file model00.csv (CSV, C-alpha atoms and all ligand atoms)
chain,number,residue,atom,x,y,z
A,703,MET,CA,-22.4,-75.4,54.1
A,704,LEU,CA,-21.4,-78.4,51.9
A,705,THR,CA,-24.5,-80.6,51.8
A,706,ARG,CA,-23.9,-83.3,49.2
A,707,ILE,CA,-21.5,-85.0,46.8
A,708,ASP,CA,-22.4,-83.0,43.7
A,709,HIS,CA,-20.3,-85.1,41.3
A,710,ILE,CA,-17.2,-87.2,40.8
A,711,GLY,CA,-15.1,-86.0,37.8
A,712,ILE,CA,-13.7,-88.8,35.6
A,713,ALA,CA,-11.1,-88.0,32.9
A,714,CYS,CA,-11.3,-90.0,29.7
A,715,ARG,CA,-9.9,-89.8,26.2
A,716,ASP,CA,-13.0,-90.8,24.3
A,717,LEU,CA,-16.3,-89.4,25.8
A,718,ASP,CA,-18.7,-91.3,23.6
A,719,LYS,CA,-17.0,-94.6,24.4
A,720,THR,CA,-17.0,-93.8,28.1
A,721,VAL,CA,-20.6,-92.8,28.1
A,722,GLU,CA,-21.4,-96.1,26.4
A,723,PHE,CA,-19.4,-98.0,29.0
A,724,TYR,CA,-21.5,-96.4,31.8
A,725,ARG,CA,-24.7,-97.1,29.9
A,726,ALA,CA,-24.0,-100.7,29.0
A,727,THR,CA,-22.4,-101.6,32.3
A,728,TYR,CA,-24.6,-99.8,34.9
A,729,GLY,CA,-27.6,-98.5,32.9
A,730,PHE,CA,-26.7,-94.8,33.6
A,731,GLU,CA,-28.0,-92.4,31.0
A,732,VAL,CA,-26.7,-88.9,30.0
A,733,PHE,CA,-28.7,-86.3,31.9
A,734,HIS,CA,-26.9,-83.3,30.2
A,735,SER,CA,-23.9,-82.8,28.0
A,736,GLU,CA,-22.0,-79.6,27.0
A,737,VAL,CA,-18.7,-78.1,25.9
A,738,ASN,CA,-17.0,-75.8,28.4
A,739,GLU,CA,-14.4,-73.9,26.4
A,740,GLU,CA,-13.0,-72.1,29.4
A,741,GLN,CA,-12.3,-75.4,31.2
A,742,GLY,CA,-11.2,-77.1,28.0
A,743,VAL,CA,-13.6,-80.0,28.4
A,744,ARG,CA,-16.4,-81.8,26.6
A,745,GLU,CA,-18.5,-83.4,29.3
A,746,ALA,CA,-21.4,-85.6,30.1
A,747,MET,CA,-23.3,-85.5,33.4
A,748,LEU,CA,-24.9,-88.8,34.4
A,749,ARG,CA,-27.4,-88.3,37.2
A,750,ILE,CA,-27.0,-91.0,39.8
A,751,ASN,CA,-29.4,-90.0,42.7
A,752,GLY,CA,-31.3,-87.2,44.3
A,753,THR,CA,-30.0,-85.8,47.6
A,754,ASP,CA,-31.9,-84.6,50.7
A,755,ASP,CA,-30.9,-80.9,50.1
A,756,GLY,CA,-33.0,-80.9,46.9
A,757,GLY,CA,-30.0,-81.4,44.6
A,758,ALA,CA,-28.5,-84.5,43.0
A,759,SER,CA,-25.3,-86.4,42.6
A,760,TYR,CA,-23.7,-87.0,39.2
A,761,LEU,CA,-20.8,-88.6,37.5
A,762,GLN,CA,-19.1,-86.0,35.3
A,763,LEU,CA,-17.3,-87.6,32.4
A,764,LEU,CA,-14.6,-85.3,31.0
A,765,GLU,CA,-12.8,-85.4,27.6
A,766,PRO,CA,-10.3,-82.6,26.8
A,767,THR,CA,-11.0,-80.3,23.9
A,768,ARG,CA,-7.4,-79.0,23.5
A,769,PRO,CA,-4.0,-80.4,24.4
A,770,ASP,CA,-3.1,-77.5,26.8
A,771,SER,CA,-6.2,-78.0,29.0
A,772,THR,CA,-5.9,-79.2,32.6
A,773,VAL,CA,-7.6,-82.5,31.8
A,774,ALA,CA,-5.4,-83.2,28.8
A,775,LYS,CA,-2.3,-82.6,30.8
A,776,TRP,CA,-3.6,-84.7,33.6
A,777,LEU,CA,-4.4,-87.6,31.2
A,778,GLU,CA,-0.9,-87.4,29.8
A,779,LYS,CA,0.6,-87.9,33.2
A,780,ASN,CA,-1.9,-90.3,34.8
A,781,GLY,CA,-4.0,-91.9,32.1
A,782,GLU,CA,-7.8,-92.2,32.5
A,783,GLY,CA,-9.4,-92.2,35.9
A,784,VAL,CA,-10.9,-90.2,38.8
A,785,HIS,CA,-9.8,-86.6,38.3
A,786,HIS,CA,-11.7,-84.6,41.1
A,787,ILE,CA,-14.5,-84.7,43.5
A,788,ALA,CA,-17.1,-81.9,43.9
A,789,PHE,CA,-19.1,-80.9,46.9
A,790,GLY,CA,-22.5,-79.1,46.5
A,791,THR,CA,-23.4,-76.0,48.5
A,792,ALA,CA,-26.1,-73.3,48.3
A,793,ASP,CA,-23.3,-70.7,48.8
A,794,VAL,CA,-20.1,-71.4,46.9
A,795,ASP,CA,-18.9,-67.8,47.5
A,796,GLY,CA,-19.2,-68.0,51.3
A,797,ASP,CA,-17.9,-71.5,51.6
A,798,ALA,CA,-14.9,-70.8,49.3
A,799,GLU,CA,-14.0,-67.7,51.4
A,800,ALA,CA,-14.4,-69.7,54.7
A,801,ILE,CA,-12.1,-72.5,53.4
A,802,ARG,CA,-9.6,-69.9,52.1
A,803,GLY,CA,-9.5,-68.5,55.6
A,804,LYS,CA,-8.4,-72.0,56.8
A,805,GLY,CA,-5.3,-71.7,54.6
A,806,VAL,CA,-6.4,-73.9,51.7
A,807,ARG,CA,-5.6,-72.4,48.3
A,808,VAL,CA,-8.8,-71.6,46.3
A,809,LEU,CA,-7.9,-71.4,42.7
A,810,TYR,CA,-10.3,-68.7,41.5
A,811,ASP,CA,-10.9,-65.2,43.0
A,812,GLN,CA,-14.5,-65.5,41.9
A,813,PRO,CA,-16.5,-68.7,41.0
A,814,ARG,CA,-16.7,-69.5,37.3
A,815,ILE,CA,-19.4,-71.2,35.2
A,816,GLY,CA,-19.6,-75.0,35.4
A,817,SER,CA,-22.0,-77.6,34.2
A,818,MET,CA,-25.6,-76.7,33.6
A,819,GLY,CA,-25.0,-73.0,34.5
A,820,SER,CA,-23.6,-73.8,38.0
A,821,ARG,CA,-21.0,-71.7,39.7
A,822,ILE,CA,-17.8,-73.5,40.6
A,823,THR,CA,-14.4,-73.1,42.1
A,824,PHE,CA,-11.5,-75.5,43.0
A,825,LEU,CA,-9.3,-76.1,45.9
A,826,HIS,CA,-5.7,-77.0,45.2
A,827,PRO,CA,-5.0,-80.7,45.5
A,828,LYS,CA,-1.7,-80.1,47.3
A,829,ASP,CA,-3.7,-78.5,50.2
A,830,CYS,CA,-6.3,-81.3,50.2
A,831,GLY,CA,-4.3,-84.5,50.6
A,832,GLY,CA,-3.9,-85.0,46.9
A,833,VAL,CA,-7.6,-84.6,46.0
A,834,LEU,CA,-8.5,-81.9,43.5
A,835,THR,CA,-11.7,-80.6,45.1
A,836,GLU,CA,-14.4,-78.6,43.5
A,837,LEU,CA,-17.2,-76.6,45.2
A,838,VAL,CA,-20.5,-76.2,43.2
A,839,THR,CA,-23.6,-74.1,43.5
A,840,SER,CA,-26.2,-75.4,41.0
A,841,ALA,CA,-28.4,-73.1,38.9
A,842,GLN,CA,-32.1,-73.3,39.6
A,843,PRO,CA,-31.9,-76.6,41.5
A,844,THR,CA,-35.6,-77.1,41.9
A,845,GLU,CA,-36.4,-76.6,38.2
A,846,ARG,CA,-33.6,-78.8,37.0
A,847,GLU,CA,-33.2,-81.4,39.7
A,848,GLY,CA,-36.6,-81.6,41.3
B,1,LIG,N1,-5.7,-84.5,41.4
B,1,LIG,C1,-4.7,-84.6,42.3
B,1,LIG,N2,-3.5,-84.0,42.1
B,1,LIG,C2,-3.4,-83.3,41.0
B,1,LIG,C3,-4.4,-83.1,40.0
B,1,LIG,C4,-5.6,-83.8,40.3
B,1,LIG,N3,-6.6,-83.7,39.4
B,1,LIG,N4,-3.9,-82.3,39.0
B,1,LIG,C5,-2.7,-82.0,39.4
B,1,LIG,N5,-2.3,-82.6,40.5
B,1,LIG,C6,-1.0,-82.5,41.2
B,1,LIG,C7,0.1,-83.0,40.3
B,1,LIG,O1,0.2,-84.4,40.4
B,1,LIG,C8,1.3,-82.2,40.7
B,1,LIG,O2,1.9,-82.9,41.8
B,1,LIG,P1,3.5,-83.1,41.9
B,1,LIG,O3,4.0,-81.8,41.9
B,1,LIG,O4,3.6,-83.9,43.2
B,1,LIG,O5,3.8,-83.9,40.7
B,1,LIG,C9,0.7,-80.9,41.2
B,1,LIG,O6,-0.7,-81.1,41.4
B,1,LIG,C10,0.9,-79.9,40.1
B,1,LIG,O7,0.3,-80.4,38.9
B,1,LIG,P2,0.6,-80.0,37.4
B,1,LIG,O8,0.5,-81.2,36.6
B,1,LIG,O9,1.8,-79.2,37.3
B,1,LIG,O10,-0.7,-79.2,37.1
B,1,LIG,P3,-1.0,-77.6,37.3
B,1,LIG,O11,-0.4,-77.1,38.5
B,1,LIG,O12,-0.7,-77.0,36.0
B,1,LIG,O13,-2.6,-77.7,37.5
B,1,LIG,C11,-4.4,-77.5,38.9
B,1,LIG,C12,-3.1,-78.3,38.6
B,1,LIG,C13,-5.1,-78.2,40.1
B,1,LIG,C14,-4.1,-76.1,39.3
B,1,LIG,C15,-5.3,-77.6,37.6
B,1,LIG,O14,-5.6,-78.9,37.3
B,1,LIG,C16,-6.6,-76.8,37.8
B,1,LIG,O15,-6.6,-75.6,37.6
B,1,LIG,N6,-7.7,-77.5,38.0
B,1,LIG,C17,-9.0,-76.8,38.1
B,1,LIG,C18,-9.8,-76.8,36.8
B,1,LIG,C19,-10.1,-78.1,36.3
B,1,LIG,O16,-9.7,-79.2,36.8
B,1,LIG,N7,-11.0,-78.1,35.2
B,1,LIG,C20,-11.5,-79.3,34.6
B,1,LIG,C21,-12.7,-79.8,35.2
B,1,LIG,C22,-13.9,-78.9,34.9
B,1,LIG,C23,-15.2,-79.2,35.7
B,1,LIG,O17,-15.1,-80.0,36.7
B,1,LIG,O18,-16.2,-78.7,35.4
B,2,CO,CO,-16.4,-81.0,38.0
call {"tool": "encode", "arguments": {"input": "model00.csv", "output": "structure tokens"}}
result
Amino acid sequence: MLTRIDHIGIACRDLDKTVEFYRATYGFEVFHSEVNEEQGVREAMLRINGTDDGGASYLQLLEPTRPDSTVAKWLEKNGEGVHHIAFGTADVDGDAEAIRGKGVRVLYDQPRIGSMGSRITFLHPKDCGGVLTELVTSAQPTEREG
């Protein structure tokens, strides 16, 4: 069951500058940052609020690490902006299979590793009304997000 907005993914060309915009404008601080080479991104997670399933909602600021990455290609075409939304679930495997059964393309056969050791998969934007949609199961939610 999808129980929260886990994050909104925002593509940018300059992560440090974008982090500074969110800090100076809204007072949001970096909760976690990392490079995910498989996804081709350097990212910062800004924790916005806790959620009643024990998790949290974040903004995920994404800068491409290489020109052939999905985010780099998206930036070339669209410029900076909202890239995807992500729903949180305790069971990404089960929810992805259920959604696949409804005829929506799930991009990965098995979930991959996302931010903070989470397990993630994506639904094709062409099957979701133009919205690239991610499903996320956090790692150790109580320890990290409690
Ligand atoms: N949102 C909405 N539509 C999108 C999109 C996005 N983020 N990315 C691509 N599209 C649309 C394109 O506009 C295009 O539509 P048209 O054919 O009408 O022009 C169509 O999808 C195909 O786009 P493309 O530019 O040819 O891109 P690809 O097919 O090569 O890749 C996708 C699209 C979804 C398969 C790819 O972006 C992907 O695998 N995404 C999942 C991984 C990812 O996004 N990782 C980065 C974030 C990591 C994280 O969140 O942790
Ligand atoms: Co994401």
call {"tool": "residues_near_ligand", "arguments": {"input": "model00.csv", "ligand": "ligand CO 2 (chain B)", "cutoff": "12 Å", "atoms": "all atoms listed in the file", "output": "MDAnalysis selection string"}}
result
chainID A and resid 707:713 738 741:747 759:765 772:773 784:790 814:818 820:825 834:840
call {"tool": "residues_around", "arguments": {"input": "model00.csv", "residues": "Glu782 in chain A", "least_positions_apart": "2", "cutoff": "7 Å", "atoms": "only C-alpha atoms", "output": "MDAnalysis selection string"}}
result
chainID A and resid 713:714 777 780
call {"tool": "closest_residue", "arguments": {"input": "model00.csv", "among": "A:Ala800, A:Leu717, A:Ala758, A:Ala774", "to": "ligand LIG 1 (chain B)", "atoms": "only C-alpha atoms and all ligand atoms"}}
result
A:Ala774
call {"tool": "atom_distance", "arguments": {"input": "model00.csv", "atom1": "atom O10 of ligand LIG 1 (chain B)", "atom2": "CA of Phe723 in chain A"}}
result
27.7 Å
call {"tool": "closest_residue", "arguments": {"input": "model00.csv", "among": "A:Asp718, A:Glu778, A:Glu799, A:Asp754", "to": "ligand LIG 1 (chain B)", "atoms": "all atoms listed in the file"}}
result
A:Glu778
call {"tool": "atom_distance", "arguments": {"input": "model00.csv", "atom1": "CA of Thr791 in chain A", "atom2": "CA of Met703 in chain A"}}
result
5.7 Å
call {"tool": "atom_distance", "arguments": {"input": "model00.csv", "atom1": "CA of Val806 in chain A", "atom2": "CA of Ala792 in chain A"}}
result
20.0 Å
call {"tool": "axis_aligned_box", "arguments": {"input": "model00.csv", "around": "ligand LIG 1 (chain B)", "padding_each_side": "5 Å", "output": "JSON"}}
result
{"center_x": -6.1, "center_y": -80.1, "center_z": 38.9, "size_x": 30.2, "size_y": 19.0, "size_z": 18.6}
call {"tool": "closest_residue", "arguments": {"input": "model00.csv", "among": "A:Gly729, A:Gly756, A:Pro766, A:Gly796", "to": "ligand LIG 1 (chain B)", "atoms": "all atoms listed in the file"}}
result
A:Pro766
call {"tool": "residues_near_point", "arguments": {"input": "model00.csv", "point": "(-29.7, -91.5, 36.1)", "cutoff": "8 Å", "atoms": "only C-alpha atoms", "output": "list in words"}}
result
Gly729, Phe730, Glu731, Val732, Phe733, Leu748, Arg749, Ile750 and Asn751 of chain A
call {"tool": "residues_around", "arguments": {"input": "model00.csv", "residues": "Asp755 in chain A", "least_positions_apart": "2", "cutoff": "9 Å", "atoms": "all atoms listed in the file", "output": "JSON, numbers by chain"}}
result
{"A": [705, 706, 752, 753, 757, 758]}
call {"tool": "closest_residue", "arguments": {"input": "model00.csv", "among": "A:Pro813, A:Gly783, A:Pro827, A:Gly805", "to": "ligand LIG 1 (chain B)", "atoms": "all atoms listed in the file"}}
result
A:Pro827
call {"tool": "closest_residue", "arguments": {"input": "model00.csv", "among": "A:Ala726, A:Leu704, A:Ala841, A:Leu809", "to": "ligand LIG 1 (chain B)", "atoms": "all atoms listed in the file"}}
result
A:Leu809
call {"tool": "closest_residue", "arguments": {"input": "model00.csv", "among": "A:Val737, A:Val833, A:Gln842, A:Thr720", "to": "ligand LIG 1 (chain B)", "atoms": "all atoms listed in the file"}}
result
A:Val833
